[in-house]
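Report on the structure given below.
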Amino acid sequence: MSYVMDAKCTVCGHVFPAGPETTVCPDCGGILDIEYDYDAIRSALTKETLAGRTDRTMWRYMEFLPVDGIGSRPRLRVGGSPLYRADRLAKTLGVKTLYIKDDGQNPTASLKDRASAMAVVKAEEAGKEIIACSSTGNAASSLAGNAAAAGHQTFIFVPARAPKGKVAQLMMFGAHVISVEGSYEDTFRLSAEAIDRWGWYNRNAAINPYLMEGKKTVSLEIAEQLGFRMPDYVAVSVGDGCTIAGVWKGFRDLYEAGFIDRLPRLISVQAEGCCPINTAAAAHTMKWKPQEENTIADSIAVGVPRNPVKALRAIEESHGVAVNVSDEEILAAMRLLGREAGVFAEPAGAAGTAGVKKALETGLIGKDAEVVSLVTGNGLKDVSNAIRAAGEPIRIPPEMDRLLEAFAEKGLMKD
Ligand SMILES: *Cc1c(COP(=O)(O)O)cnc(C)c1O
């Protein structure tokens, strides 16, 4: 059985029954939060029962999830991503302990799979066969993949600027793709209108309260992987704000159910060229202002965030810090993650780590901290920015003399 009690509006506080198609508050339009019976979870699930489970996917935390089960349709393997202790990278950044949670290892190569897997199950509960969303790219490709596995049709709206790798995924998974000549904001608006018109299941993250419940499983995993001992900080890159809100919800749920006895602080990382949430967070206000979408990190280029209330509340409640990073700093973090940890991140995926570096340099966080940095998406999704970060290889004709010349030039293999 599910331990969900109700859905509570984050703006007016009104409480409603949580149905599979529950979206926003019928009274004020605010985003809803799913509430659980934590006492019941506490008696149903212990750390020991959990440790005995062989399911390594996100569904191993069933008691914390808003579903009764996942039905019998085929599913992709979502969750269970590695948490690496990155000592070399920690030393380079000048921090005591650093872990990298590589969520780029999900089936469609981003953290968004956690939300999409949830959306597909909720769509089935609602009896809907067609699922739709708008997205900067990763929500789209994850929905397309997870829906394809279960045999659903998808309609996907992406801004025309979405990187080719992500669009290729969509086409490969058989989605109906609408590439919108406009900003993410324009794309979102059109998708909302179409969803209304044709009655598709709505996977738009900030409208559908269940998606955050999927995303929060990343925190449940981090906690379990660390033996339920909390780090000082968790760094997250922020666009719409659903991911950081989900990360916070996961830790809060664990705290309420008695699995952890303290909460980490969040490091909210945005791009300098598009940082409406961090600008508001730094001023300790909920009044954010739209910004241009000016960064190579397409997944967090969100000028009009869809979930600012939950995100800002999460940052504030956690006594978090807000850090903005330049595109150069993001490219540098991509190189560092690759070279010092063997992790290949897309720009938005590396932004969290760029934020950790900057927070250390500017003294926002202390050097004796223990930090988890979330890598939210894989670098193969955006190959042109990877080449931009890492450069081109040595190119020569197939002759040993040329190889020796090239090595001499680069100072390689001198004896
Ligand atoms: C979506 C996404 C984010 C940010 O998540 P939001 O919910 O939009 O804040 C960060 N990184 C990657 C790779 C993403 O796809």
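Ligands are numbered from 1 in the order shown, residues from 1 within each chain, and chains are lettered A, B, ... in the order they appear in the structure tokens.
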
Within 8 Å of Leu211 in chain A using only C-alpha atoms, minus same-chain residues under 4 positions, as a ChimeraX atom specification: /A:114-116,118-119,203,205,215

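Looking only at range 247-285 of chain A, the set that DSSP places in alpha helix (DSSP H) from backbone geometry is Val247, Trp248, Lys249, Gly250, Phe251, Arg252, Asp253, Leu254, Tyr255, Glu256, Pro276, Ile277, Asn278, Thr279, Ala280, Ala281 and Ala282 of chain A.
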
As a quick test: using only C-alpha atoms and all ligand atoms, which residues lie no more than 7 Å away from ligand 1? Give them as a ChimeraX atom specification. /A:110-112,137-139,237-244,299-300,346,348-349,376-377

Of the residues A:Glu221, A:Asp55, A:Glu328, A:Glu63, which is the one nearest to Asp102 in chain A, using only C-alpha atoms? A:Glu221

Residues flagged strand (DSSP E or B) by DSSP in range 17-208 of chain A, as a short mmCIF file (atom, residue, chain, number, x, y, z; two decimals) with C-alpha atoms, in the first residue's frame:
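part-v5.cif, written as the output of this step:
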```
data_model
loop_
_atom_site.label_atom_id
_atom_site.label_comp_id
_atom_site.auth_asym_id
_atom_site.auth_seq_id
_atom_site.Cartn_x
_atom_site.Cartn_y
_atom_site.Cartn_z
CA VAL A 24 -1.74 22.19 -9.22
CA ILE A 31 2.32 23.72 -6.80
CA LEU A 32 1.36 20.78 -4.57
CA ASP A 33 3.55 18.76 -2.26
CA ILE A 34 2.85 15.06 -1.60
CA GLU A 35 2.58 14.31 2.12
CA TYR A 36 3.21 10.92 3.73
CA LEU A 83 28.43 7.35 -5.51
CA TYR A 84 32.18 7.68 -6.02
CA ARG A 85 34.58 8.92 -3.39
CA THR A 97 35.98 14.91 1.28
CA LEU A 98 34.17 14.87 -2.04
CA TYR A 99 31.73 12.34 -3.43
CA ILE A 100 30.40 12.34 -6.97
CA LYS A 101 26.92 10.91 -7.47
CA ASP A 102 26.93 10.03 -11.17
CA SER A 110 20.30 11.83 -16.87
CA ILE A 130 -0.38 9.16 -24.30
CA ILE A 131 2.10 11.20 -22.26
CA ALA A 132 3.43 14.66 -23.09
CA CYS A 133 5.91 17.21 -21.82
CA SER A 134 8.00 20.20 -22.70
CA GLN A 153 3.09 7.17 -27.21
CA THR A 154 4.70 10.50 -26.37
CA PHE A 155 4.37 14.07 -27.63
CA ILE A 156 7.44 16.10 -26.80
CA PHE A 157 8.02 19.85 -27.12
CA VAL A 158 11.63 21.06 -27.08
CA PRO A 159 13.18 24.45 -27.85
CA HIS A 176 6.45 12.70 -31.74
CA VAL A 177 8.86 15.63 -31.46
CA ILE A 178 7.85 19.25 -31.87
CA SER A 179 10.90 21.50 -32.09
CA VAL A 180 9.68 24.98 -31.13
CA TYR A 201 -0.97 12.80 -19.36
CA ASN A 202 1.10 15.81 -18.27
#
```

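Going from CA of Pro276 in chain A to CA of Pro305 in chain A covers 7.5 Å.
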
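Minimum atom-to-atom distances from A:Gly71, A:Pro347, A:Gly13, A:Gly151 to Val383 in chain A were compared using only C-alpha atoms, and the lowest value belongs to A:Pro347.
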
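For Ile330 in chain A, the residues within 9 Å (counting only C-alpha atoms, excluding itself and residues fewer than 6 positions away along the chain) are Ala271, Ile296, Ala297, Pro347, Ala348, Ala350, Ala351, Gly352, Thr353, Ala354, Gly355 and Ala389 of chain A.
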
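Taking only C-alpha atoms, the non-local environment of range 315-325 of chain A within 8 Å (same-chain residues fewer than 6 positions away omitted) comprises Trp248, Leu263, Pro264, Arg265, Leu266, Ile267, Ser268, Val269, Gln270, Ala271, Glu272, Cys275, Asn278, Ala281, Ala282, His284, Ala351, Ala354, Gly355, Lys358, Ala359 and Leu364 of chain A.
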
Could you write out that same residue set with C-alpha atoms as a compact mmCIF listing (two decimals), in the first residue's frame?
```
# COMPACT_ATOMS: atom_id res chain seq x y z
CA TRP A 248 15.63 18.31 -0.41
CA LEU A 263 20.10 17.37 7.23
CA PRO A 264 22.75 18.51 4.75
CA ARG A 265 22.97 22.06 3.43
CA LEU A 266 22.27 22.57 -0.27
CA ILE A 267 24.60 24.29 -2.69
CA SER A 268 22.37 25.71 -5.43
CA VAL A 269 24.36 26.19 -8.61
CA GLN A 270 23.19 28.22 -11.60
CA ALA A 271 24.90 29.71 -14.64
CA GLU A 272 25.94 33.37 -14.44
CA CYS A 275 20.37 32.64 -12.54
CA ASN A 278 20.00 32.13 -7.13
CA ALA A 281 17.99 33.10 -2.95
CA ALA A 282 20.96 35.41 -2.34
CA HIS A 284 16.49 35.90 0.76
CA ALA A 351 27.82 22.78 -13.08
CA ALA A 354 31.96 23.98 -10.79
CA GLY A 355 29.86 25.45 -7.99
CA LYS A 358 33.84 28.29 -6.65
CA ALA A 359 32.21 28.03 -3.22
CA LEU A 364 31.33 30.24 1.03
```

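With distances restricted to only C-alpha atoms, A:Arg313 is the closest residue to Lys287 in chain A from A:Arg313, A:Ala51, A:Gly258, A:Lys381.
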